[in-house]
>>> print(open('query25.csv').read())   # CSV, C-alpha atoms and all ligand atoms
chain,number,residue,atom,x,y,z
T,35,MET,CA,-22.6,-30.3,13.6
T,36,ILE,CA,-19.0,-31.0,14.7
T,37,THR,CA,-16.6,-28.3,13.4
T,38,SER,CA,-13.0,-29.0,12.7
T,39,ARG,CA,-10.1,-27.1,14.4
T,40,ASP,CA,-8.1,-25.7,11.5
T,41,ALA,CA,-4.8,-23.8,11.2
T,42,LEU,CA,-3.3,-21.8,8.4
T,43,VAL,CA,0.4,-21.0,7.7
T,44,VAL,CA,1.2,-18.4,5.0
T,45,ALA,CA,4.7,-18.4,3.5
T,46,ALA,CA,4.9,-22.1,4.4
T,47,SER,CA,8.1,-22.9,2.5
T,48,GLY,CA,10.1,-20.2,4.3
T,49,GLY,CA,12.4,-21.2,7.2
T,50,ILE,CA,10.1,-20.2,10.0
T,51,GLY,CA,6.9,-21.0,8.1
T,52,ALA,CA,8.0,-24.5,7.3
T,53,ALA,CA,8.9,-25.1,11.0
T,54,ILE,CA,5.5,-23.9,12.1
T,55,VAL,CA,3.8,-26.3,9.6
T,56,ARG,CA,5.9,-29.2,11.0
T,57,THR,CA,5.0,-28.3,14.6
T,58,MET,CA,1.3,-28.0,13.7
T,59,LEU,CA,1.2,-31.3,11.9
T,60,ASN,CA,2.3,-32.9,15.1
T,61,ASP,CA,-0.3,-31.1,17.2
T,62,PRO,CA,-3.2,-33.4,17.9
T,63,SER,CA,-5.5,-30.5,18.8
T,64,LEU,CA,-5.5,-29.3,15.2
T,65,ASP,CA,-7.5,-31.3,12.6
T,66,ARG,CA,-6.4,-29.7,9.3
T,67,ILE,CA,-3.3,-27.6,8.4
T,68,PHE,CA,-3.7,-25.3,5.4
T,69,ALA,CA,-0.3,-24.2,4.1
T,70,VAL,CA,0.0,-21.4,1.6
T,71,SER,CA,3.1,-20.8,-0.5
T,72,SER,CA,4.5,-19.3,-3.7
T,73,VAL,CA,6.2,-22.7,-4.1
T,74,PRO,CA,3.8,-25.0,-5.9
T,75,LYS,CA,4.5,-28.2,-4.1
T,76,PRO,CA,5.1,-29.0,-0.4
T,77,PRO,CA,8.6,-30.1,0.6
T,78,GLN,CA,8.8,-33.9,0.9
T,79,GLU,CA,9.8,-33.7,4.5
T,80,PHE,CA,6.1,-32.9,5.4
T,81,GLY,CA,5.0,-36.4,4.3
T,82,ASN,CA,1.3,-36.9,4.2
T,83,ASN,CA,-0.6,-37.8,7.4
T,84,GLY,CA,-3.8,-36.5,5.8
T,85,LYS,CA,-3.8,-33.2,7.7
T,86,LEU,CA,-1.9,-31.0,5.3
T,87,THR,CA,-3.5,-29.1,2.4
T,88,TRP,CA,-0.9,-27.2,0.3
T,89,MET,CA,-2.2,-24.2,-1.6
T,90,TYR,CA,-0.3,-22.2,-4.2
T,91,CYS,CA,-0.6,-18.4,-4.1
T,92,ASP,CA,1.5,-15.7,-5.8
T,93,TYR,CA,0.4,-13.2,-3.0
T,94,SER,CA,-1.4,-10.8,-5.4
T,95,ALA,CA,-4.5,-9.3,-3.9
T,96,MET,CA,-6.7,-11.3,-6.3
T,97,LYS,CA,-5.0,-14.7,-5.5
T,98,ILE,CA,-5.1,-14.0,-1.7
T,99,ALA,CA,-8.9,-13.4,-2.0
T,100,ARG,CA,-9.2,-16.6,-4.1
T,101,THR,CA,-7.2,-18.7,-1.6
T,102,VAL,CA,-9.5,-17.5,1.2
T,103,ASN,CA,-12.6,-18.3,-0.9
T,104,HIS,CA,-11.2,-21.8,-1.3
T,105,LEU,CA,-10.8,-22.1,2.5
T,106,LEU,CA,-14.4,-21.0,2.8
T,107,SER,CA,-15.5,-23.7,0.4
T,108,LEU,CA,-13.7,-26.2,2.6
T,109,ASP,CA,-15.6,-25.0,5.7
T,110,CYS,CA,-12.4,-23.8,7.3
T,111,ASN,CA,-12.8,-23.1,11.0
T,112,LEU,CA,-9.7,-21.1,11.7
T,113,VAL,CA,-8.4,-21.4,15.3
T,114,MET,CA,-4.8,-20.6,14.7
T,115,GLY,CA,-2.8,-18.8,12.0
T,116,ALA,CA,0.8,-17.7,11.2
T,117,ILE,CA,1.5,-15.2,8.5
T,118,CYS,CA,5.2,-15.5,7.8
T,119,ASN,CA,5.8,-13.4,4.6
T,120,GLY,CA,8.9,-11.3,4.7
T,121,ILE,CA,11.9,-10.1,2.8
T,122,LEU,CA,15.1,-8.5,3.9
T,123,HIS,CA,17.3,-9.1,0.8
T,124,ASP,CA,17.2,-10.8,-2.5
T,125,ASP,CA,19.2,-10.6,-5.8
T,126,ALA,CA,18.0,-7.0,-6.3
T,127,VAL,CA,17.5,-5.7,-2.8
T,128,GLN,CA,20.0,-5.3,0.1
T,129,PRO,CA,19.3,-3.7,3.5
T,130,GLU,CA,20.4,-0.1,3.2
T,131,LYS,CA,23.4,1.0,5.3
T,132,ARG,CA,22.9,4.7,4.5
T,133,ILE,CA,20.1,7.0,3.1
T,134,ASP,CA,21.9,7.1,-0.3
T,135,ASP,CA,21.3,3.3,-0.7
T,136,ILE,CA,17.5,3.8,-0.7
T,137,THR,CA,15.9,3.1,-4.1
T,138,GLU,CA,12.2,3.4,-5.0
T,139,GLU,CA,12.3,-0.3,-6.2
T,140,SER,CA,13.7,-1.6,-2.9
T,141,LEU,CA,11.2,0.4,-0.8
T,142,ARG,CA,8.3,-0.8,-2.9
T,143,LYS,CA,9.4,-4.4,-2.9
T,144,VAL,CA,10.1,-4.6,0.8
T,145,PHE,CA,6.9,-2.8,1.9
T,146,THR,CA,4.8,-5.0,-0.4
T,147,ALA,CA,6.2,-8.2,1.0
T,148,ASN,CA,6.4,-7.1,4.7
T,149,ALA,CA,3.4,-4.9,5.2
T,150,VAL,CA,1.0,-5.0,2.2
T,151,VAL,CA,0.7,-8.7,1.8
T,152,PRO,CA,0.2,-9.6,5.5
T,153,ILE,CA,-2.6,-7.0,5.9
T,154,LEU,CA,-4.3,-8.3,2.8
T,155,TRP,CA,-4.4,-11.7,4.4
T,156,ILE,CA,-6.0,-10.3,7.6
T,157,LYS,CA,-8.5,-8.4,5.4
T,158,GLU,CA,-9.6,-11.6,3.6
T,159,LEU,CA,-9.3,-14.0,6.5
T,160,LYS,CA,-12.2,-12.3,8.4
T,161,GLN,CA,-14.4,-14.5,6.3
T,162,VAL,CA,-13.1,-17.7,7.9
T,163,PHE,CA,-12.8,-16.5,11.5
T,164,PRO,CA,-14.7,-19.0,13.7
T,165,LYS,CA,-18.2,-18.2,15.0
T,166,ARG,CA,-17.6,-19.7,18.4
T,167,ASP,CA,-14.0,-20.9,18.8
T,168,ILE,CA,-11.1,-18.6,19.8
T,169,CYS,CA,-8.8,-17.7,17.0
T,170,LYS,CA,-5.2,-16.5,17.4
T,171,ILE,CA,-3.2,-15.2,14.5
T,172,ALA,CA,0.5,-14.4,14.7
T,173,ILE,CA,2.0,-12.1,12.0
T,174,LEU,CA,5.8,-12.2,11.7
T,175,SER,CA,7.1,-8.8,12.5
T,176,ALA,CA,10.6,-7.8,13.8
T,177,ARG,CA,12.0,-5.9,16.8
T,178,VAL,CA,13.7,-3.6,14.3
T,179,GLY,CA,10.2,-2.3,13.5
T,180,SER,CA,10.1,-0.7,17.0
T,181,ILE,CA,10.6,3.0,16.6
T,182,SER,CA,11.7,3.5,20.2
T,183,ASP,CA,14.2,0.6,19.9
T,184,ASN,CA,16.0,2.1,16.9
T,185,LYS,CA,19.4,3.1,18.2
T,186,LEU,CA,21.6,1.9,15.3
T,187,GLY,CA,19.8,3.2,12.2
T,188,GLY,CA,20.3,1.5,8.8
T,189,TRP,CA,18.0,-1.1,7.2
T,190,TYR,CA,15.6,1.7,6.2
T,191,SER,CA,13.1,-0.4,4.1
T,192,TYR,CA,13.0,-3.4,6.4
T,193,ARG,CA,12.6,-1.3,9.6
T,194,ALA,CA,10.0,1.0,8.1
T,195,SER,CA,8.0,-1.8,6.5
T,196,LYS,CA,7.8,-3.6,9.9
T,197,SER,CA,6.7,-0.4,11.6
T,198,ALA,CA,4.1,0.0,8.9
T,199,LEU,CA,3.0,-3.6,9.4
T,200,ASN,CA,2.6,-3.0,13.2
T,201,MET,CA,0.5,0.1,12.6
T,202,LEU,CA,-1.7,-1.7,10.0
T,203,LEU,CA,-2.2,-4.6,12.5
T,204,LYS,CA,-2.8,-2.2,15.5
T,205,THR,CA,-5.5,-0.5,13.4
T,206,SER,CA,-7.1,-3.7,12.3
T,207,ALA,CA,-7.1,-5.1,15.9
T,208,ILE,CA,-9.1,-2.1,17.0
T,209,GLU,CA,-11.6,-2.7,14.2
T,210,LEU,CA,-11.7,-6.5,14.6
T,211,ASN,CA,-12.5,-6.1,18.3
T,212,ARG,CA,-15.9,-4.6,17.4
T,213,LYS,CA,-17.0,-7.6,15.4
T,214,PHE,CA,-14.7,-10.5,16.3
T,215,LYS,CA,-14.2,-10.5,20.0
T,216,ASN,CA,-12.9,-14.1,19.8
T,217,VAL,CA,-9.9,-13.1,17.6
T,218,LYS,CA,-6.4,-12.2,18.9
T,219,LEU,CA,-3.6,-10.7,16.7
T,220,ILE,CA,0.0,-11.1,17.7
T,221,SER,CA,2.8,-9.2,16.0
T,222,PHE,CA,5.7,-11.6,16.7
T,223,HIS,CA,9.5,-11.1,16.8
T,224,PRO,CA,11.1,-14.5,16.4
T,225,GLY,CA,14.6,-13.4,17.4
T,226,THR,CA,17.5,-14.0,15.0
T,227,THR,CA,16.6,-17.3,13.5
T,228,ASP,CA,18.7,-19.5,11.2
T,229,THR,CA,17.0,-19.0,7.8
T,230,LYS,CA,17.9,-17.8,4.4
T,231,LEU,CA,16.7,-14.3,5.5
T,232,SER,CA,19.3,-13.9,8.3
T,233,ARG,CA,22.1,-16.0,6.7
T,234,PRO,CA,24.2,-13.1,5.3
T,235,PHE,CA,24.1,-11.4,8.7
T,236,GLN,CA,24.7,-14.3,11.0
T,237,SER,CA,28.5,-13.8,11.5
T,238,SER,CA,27.9,-11.0,14.0
T,239,VAL,CA,25.4,-13.1,16.0
T,240,SER,CA,26.7,-15.4,18.8
T,241,ARG,CA,25.7,-19.1,18.4
T,242,ASP,CA,23.4,-19.0,21.5
T,243,LYS,CA,21.5,-16.0,20.0
T,244,LEU,CA,20.9,-17.7,16.7
T,245,PHE,CA,17.8,-19.8,17.0
T,246,PRO,CA,16.9,-23.0,15.1
T,247,THR,CA,13.6,-22.7,13.3
T,248,THR,CA,12.0,-25.5,15.4
T,249,PHE,CA,12.7,-23.7,18.6
T,250,VAL,CA,11.0,-20.5,17.3
T,251,ALA,CA,8.0,-22.5,16.0
T,252,THR,CA,7.6,-24.2,19.4
T,253,LYS,CA,7.9,-20.9,21.3
T,254,LEU,CA,5.3,-19.3,19.0
T,255,MET,CA,2.8,-22.1,19.4
T,256,ASP,CA,3.2,-21.9,23.2
T,257,LEU,CA,2.7,-18.2,23.1
T,258,MET,CA,-0.4,-18.4,20.9
T,259,ARG,CA,-1.9,-20.8,23.4
T,260,LYS,CA,-1.1,-18.7,26.5
T,261,THR,CA,-1.9,-15.2,25.2
T,262,ASP,CA,-5.3,-13.9,26.2
T,263,VAL,CA,-7.9,-12.6,23.8
T,264,ASP,CA,-8.1,-9.0,24.8
T,265,GLY,CA,-9.0,-7.1,21.6
T,266,GLU,CA,-5.5,-5.6,21.5
T,267,LEU,CA,-2.6,-6.2,19.2
T,268,SER,CA,0.4,-7.6,21.2
T,269,PHE,CA,3.9,-7.0,20.0
T,270,LEU,CA,5.8,-9.9,21.6
T,271,ASP,CA,9.2,-11.5,21.2
T,272,TRP,CA,9.9,-15.2,21.2
T,273,ALA,CA,10.1,-15.3,25.0
T,274,GLY,CA,6.6,-13.7,25.3
T,275,VAL,CA,8.1,-10.4,26.4
T,276,PRO,CA,6.3,-7.2,25.1
T,277,ILE,CA,8.3,-5.0,22.8
T,278,GLU,CA,7.9,-1.2,23.0
T,279,TRP,CA,6.4,0.4,19.9
H,1,LIG,N1,15.0,-15.1,10.4
H,1,LIG,C1,15.1,-14.1,11.2
H,1,LIG,O1,16.2,-13.9,11.9
H,1,LIG,C2,14.0,-13.1,11.4
H,1,LIG,C3,14.1,-12.1,12.4
H,1,LIG,C4,13.0,-11.3,12.6
H,1,LIG,C5,11.9,-11.4,11.9
H,1,LIG,N2,11.8,-12.4,10.9
H,1,LIG,C6,10.6,-12.4,10.1
H,1,LIG,O2,10.1,-13.7,10.1
H,1,LIG,C7,9.4,-13.9,8.9
H,1,LIG,C8,9.8,-15.2,8.2
H,1,LIG,O3,11.2,-15.1,7.8
H,1,LIG,P1,12.2,-16.3,7.6
H,1,LIG,O4,13.4,-16.0,8.4
H,1,LIG,O5,11.5,-17.6,7.7
H,1,LIG,O6,12.6,-16.0,6.1
H,1,LIG,P2,12.6,-16.9,4.8
H,1,LIG,O7,13.1,-18.3,5.0
H,1,LIG,O8,13.3,-16.1,3.8
H,1,LIG,O9,11.0,-17.0,4.5
H,1,LIG,C9,10.3,-15.9,4.1
H,1,LIG,C10,9.1,-16.4,3.2
H,1,LIG,O10,8.4,-15.2,2.8
H,1,LIG,C11,7.8,-15.4,1.6
H,1,LIG,N3,8.2,-14.4,0.7
H,1,LIG,C12,9.5,-14.2,0.1
H,1,LIG,N4,9.5,-13.1,-0.7
H,1,LIG,C13,8.2,-12.6,-0.7
H,1,LIG,C14,7.6,-11.6,-1.4
H,1,LIG,N5,8.3,-10.8,-2.3
H,1,LIG,N6,6.3,-11.3,-1.2
H,1,LIG,C15,5.6,-12.1,-0.3
H,1,LIG,N7,6.1,-13.2,0.4
H,1,LIG,C16,7.4,-13.4,0.2
H,1,LIG,C17,8.3,-16.8,1.0
H,1,LIG,O11,7.3,-17.8,1.4
H,1,LIG,P3,6.9,-19.0,0.3
H,1,LIG,O12,8.2,-19.4,-0.3
H,1,LIG,O13,6.3,-20.0,1.1
H,1,LIG,O14,6.0,-18.3,-0.7
H,1,LIG,C18,9.6,-17.0,1.8
H,1,LIG,O15,9.9,-18.3,1.9
H,1,LIG,C19,9.6,-12.7,8.0
H,1,LIG,O16,8.5,-11.8,8.1
H,1,LIG,C20,10.8,-12.0,8.6
H,1,LIG,O17,10.9,-10.6,8.4
H,1,LIG,C21,12.8,-13.2,10.7
>>> encode(input="query25.csv", output="structure tokens")
Amino acid sequence: MITSRDALVVAASGGIGAAIVRTMLNDPSLDRIFAVSSVPKPPQEFGNNGKLTWMYCDYSAMKIARTVNHLLSLDCNLVMGAICNGILHDDAVQPEKRIDDITEESLRKVFTANAVVPILWIKELKQVFPKRDICKIAILSARVGSISDNKLGGWYSYRASKSALNMLLKTSAIELNRKFKNVKLISFHPGTTDTKLSRPFQSSVSRDKLFPTTFVATKLMDLMRKTDVDGELSFLDWAGVPIEW
């Protein structure tokens, strides 16, 4: 039986997620692109070349499990994945400048989006890991999640949620290496990228350090192709340079 080569993008309507979908749609080595989003319909820009399946999900544990069950029913053979969920700010949450800005609500919300939701995806996706093919999955993290790199302070919830994400991924990489030696996890820092997440903070970033989403998506796809499957979690930036924990 010929198996298809399928890819998954979670948080597919976000700035980086949508750019990864666009890049994957143009990649002839991938047969089907499954895009998951809390937005019910795909943006028109994706068109329809028959490769894209758009799946609505509210990111609750139950709906994540249901979405993966649906992938199973479609005989998904996952060779590449990008989990792009993330929040830095919204109407109710702003990155904290000082400890007094911390609220229980913002900690919960940011940890849920940045750490809990991505690890629930990894937990469920085990069911669609391929039997024979190599599978590489990138999870969008951030350099500010590096404890040793934290020289500036601030952004308590966002920093800590990305550190927590990295630890959850590191622990899962150790476990996955026992049963799924063909699967590689990459905790990926995209660099400051021009999306709604970074928009309020772009004024302090020089133009050459603010990346277009298409650039980041291309870099990530190259990185996923080049990175060896070694049973480890790699924490890599957009240039493929390892980031210290
Ligand atoms: N932009 C940057 O400069 C930058 C730098 C470092 C790291 N990152 C990381 O890159 C990833 C993608 O960010 P982006 O820049 O593309 O931001 P974005 O445009 O705001 O996209 C983030 C997406 O995450 C999903 N999301 C939003 N709130 C959520 C919640 N409460 N729970 C679960 N999912 C939620 C949504 O996907 P759907 O609408 O499709 O459901 C949203 O579109 C994030 O993990 C971010 O932390 C970004």
>>> residues_around(input="query25.csv", residues="Met58 in chain T", least_positions_apart="2", cutoff="12 Å", atoms="all atoms listed in the file", output="mmCIF file with C-alpha atoms, keeping the file's coordinate frame")
data_model
loop_
_atom_site.group_PDB
_atom_site.id
_atom_site.type_symbol
_atom_site.label_atom_id
_atom_site.label_comp_id
_atom_site.auth_asym_id
_atom_site.auth_seq_id
_atom_site.Cartn_x
_atom_site.Cartn_y
_atom_site.Cartn_z
ATOM 1 C CA ARG T 39 -10.100 -27.100 14.400
ATOM 2 C CA ASP T 40 -8.100 -25.700 11.500
ATOM 3 C CA ALA T 41 -4.800 -23.800 11.200
ATOM 4 C CA LEU T 42 -3.300 -21.800 8.400
ATOM 5 C CA VAL T 43 0.400 -21.000 7.700
ATOM 6 C CA ALA T 46 4.900 -22.100 4.400
ATOM 7 C CA GLY T 51 6.900 -21.000 8.100
ATOM 8 C CA ALA T 52 8.000 -24.500 7.300
ATOM 9 C CA ALA T 53 8.900 -25.100 11.000
ATOM 10 C CA ILE T 54 5.500 -23.900 12.100
ATOM 11 C CA VAL T 55 3.800 -26.300 9.600
ATOM 12 C CA ARG T 56 5.900 -29.200 11.000
ATOM 13 C CA ASN T 60 2.300 -32.900 15.100
ATOM 14 C CA ASP T 61 -0.300 -31.100 17.200
ATOM 15 C CA PRO T 62 -3.200 -33.400 17.900
ATOM 16 C CA SER T 63 -5.500 -30.500 18.800
ATOM 17 C CA LEU T 64 -5.500 -29.300 15.200
ATOM 18 C CA ASP T 65 -7.500 -31.300 12.600
ATOM 19 C CA ARG T 66 -6.400 -29.700 9.300
ATOM 20 C CA ILE T 67 -3.300 -27.600 8.400
ATOM 21 C CA PHE T 68 -3.700 -25.300 5.400
ATOM 22 C CA ALA T 69 -0.300 -24.200 4.100
ATOM 23 C CA PHE T 80 6.100 -32.900 5.400
ATOM 24 C CA ASN T 83 -0.600 -37.800 7.400
ATOM 25 C CA LYS T 85 -3.800 -33.200 7.700
ATOM 26 C CA LEU T 86 -1.900 -31.000 5.300
ATOM 27 C CA VAL T 113 -8.400 -21.400 15.300
ATOM 28 C CA MET T 114 -4.800 -20.600 14.700
ATOM 29 C CA GLY T 115 -2.800 -18.800 12.000
ATOM 30 C CA ALA T 116 0.800 -17.700 11.200
ATOM 31 C CA THR T 248 12.000 -25.500 15.400
ATOM 32 C CA ALA T 251 8.000 -22.500 16.000
ATOM 33 C CA THR T 252 7.600 -24.200 19.400
ATOM 34 C CA LEU T 254 5.300 -19.300 19.000
ATOM 35 C CA MET T 255 2.800 -22.100 19.400
ATOM 36 C CA ASP T 256 3.200 -21.900 23.200
#
>>> residues_near_ligand(input="query25.csv", ligand="ligand LIG 1 (chain H)", cutoff="8 Å", atoms="all atoms listed in the file", output="number ranges by chain")
T: 44-52, 70-73, 91-93, 117-122, 143-144, 146-148, 151, 173-178, 192, 196, 222-232, 244-245, 247
>>> write_last_selection(input="query25.csv", atoms="C-alpha atoms", output="tab-separated table (two decimals), in the frame of the given file")
chain	number	residue	atom	x	y	z
T	44	VAL	CA	1.20	-18.40	5.00
T	45	ALA	CA	4.70	-18.40	3.50
T	46	ALA	CA	4.90	-22.10	4.40
T	47	SER	CA	8.10	-22.90	2.50
T	48	GLY	CA	10.10	-20.20	4.30
T	49	GLY	CA	12.40	-21.20	7.20
T	50	ILE	CA	10.10	-20.20	10.00
T	51	GLY	CA	6.90	-21.00	8.10
T	52	ALA	CA	8.00	-24.50	7.30
T	70	VAL	CA	0.00	-21.40	1.60
T	71	SER	CA	3.10	-20.80	-0.50
T	72	SER	CA	4.50	-19.30	-3.70
T	73	VAL	CA	6.20	-22.70	-4.10
T	91	CYS	CA	-0.60	-18.40	-4.10
T	92	ASP	CA	1.50	-15.70	-5.80
T	93	TYR	CA	0.40	-13.20	-3.00
T	117	ILE	CA	1.50	-15.20	8.50
T	118	CYS	CA	5.20	-15.50	7.80
T	119	ASN	CA	5.80	-13.40	4.60
T	120	GLY	CA	8.90	-11.30	4.70
T	121	ILE	CA	11.90	-10.10	2.80
T	122	LEU	CA	15.10	-8.50	3.90
T	143	LYS	CA	9.40	-4.40	-2.90
T	144	VAL	CA	10.10	-4.60	0.80
T	146	THR	CA	4.80	-5.00	-0.40
T	147	ALA	CA	6.20	-8.20	1.00
T	148	ASN	CA	6.40	-7.10	4.70
T	151	VAL	CA	0.70	-8.70	1.80
T	173	ILE	CA	2.00	-12.10	12.00
T	174	LEU	CA	5.80	-12.20	11.70
T	175	SER	CA	7.10	-8.80	12.50
T	176	ALA	CA	10.60	-7.80	13.80
T	177	ARG	CA	12.00	-5.90	16.80
T	178	VAL	CA	13.70	-3.60	14.30
T	192	TYR	CA	13.00	-3.40	6.40
T	196	LYS	CA	7.80	-3.60	9.90
T	222	PHE	CA	5.70	-11.60	16.70
T	223	HIS	CA	9.50	-11.10	16.80
T	224	PRO	CA	11.10	-14.50	16.40
T	225	GLY	CA	14.60	-13.40	17.40
T	226	THR	CA	17.50	-14.00	15.00
T	227	THR	CA	16.60	-17.30	13.50
T	228	ASP	CA	18.70	-19.50	11.20
T	229	THR	CA	17.00	-19.00	7.80
T	230	LYS	CA	17.90	-17.80	4.40
T	231	LEU	CA	16.70	-14.30	5.50
T	232	SER	CA	19.30	-13.90	8.30
T	244	LEU	CA	20.90	-17.70	16.70
T	245	PHE	CA	17.80	-19.80	17.00
T	247	THR	CA	13.60	-22.70	13.30
>>> residues_around(input="query25.csv", residues="range 152-169 of chain T", least_positions_apart="6", cutoff="6 Å", atoms="all atoms listed in the file", output="VMD selection string")
chain T and resid 99 111 to 114 216 to 217
>>> closest_residue(input="query25.csv", among="T:Phe249, T:Phe145, T:Trp279, T:Trp272", to="Asn200 in chain T", atoms="all atoms listed in the file")
T:Trp279
>>> atom_distance(input="query25.csv", atom1="CA of Lys185 in chain T", atom2="CA of Lys253 in chain T")
26.8 Å
>>> atom_distance(input="query25.csv", atom1="CA of Ile136 in chain T", atom2="CA of Asp183 in chain T")
21.1 Å
>>> atom_distance(input="query25.csv", atom1="CA of Gly188 in chain T", atom2="CA of Arg132 in chain T")
6.0 Å
>>> residues_near_point(input="query25.csv", point="(-11.1, -5.5, 14.4)", cutoff="12 Å", atoms="all atoms listed in the file", output="MDAnalysis selection string")
chainID T and resid 156:157 159:160 163 202:219 264:267
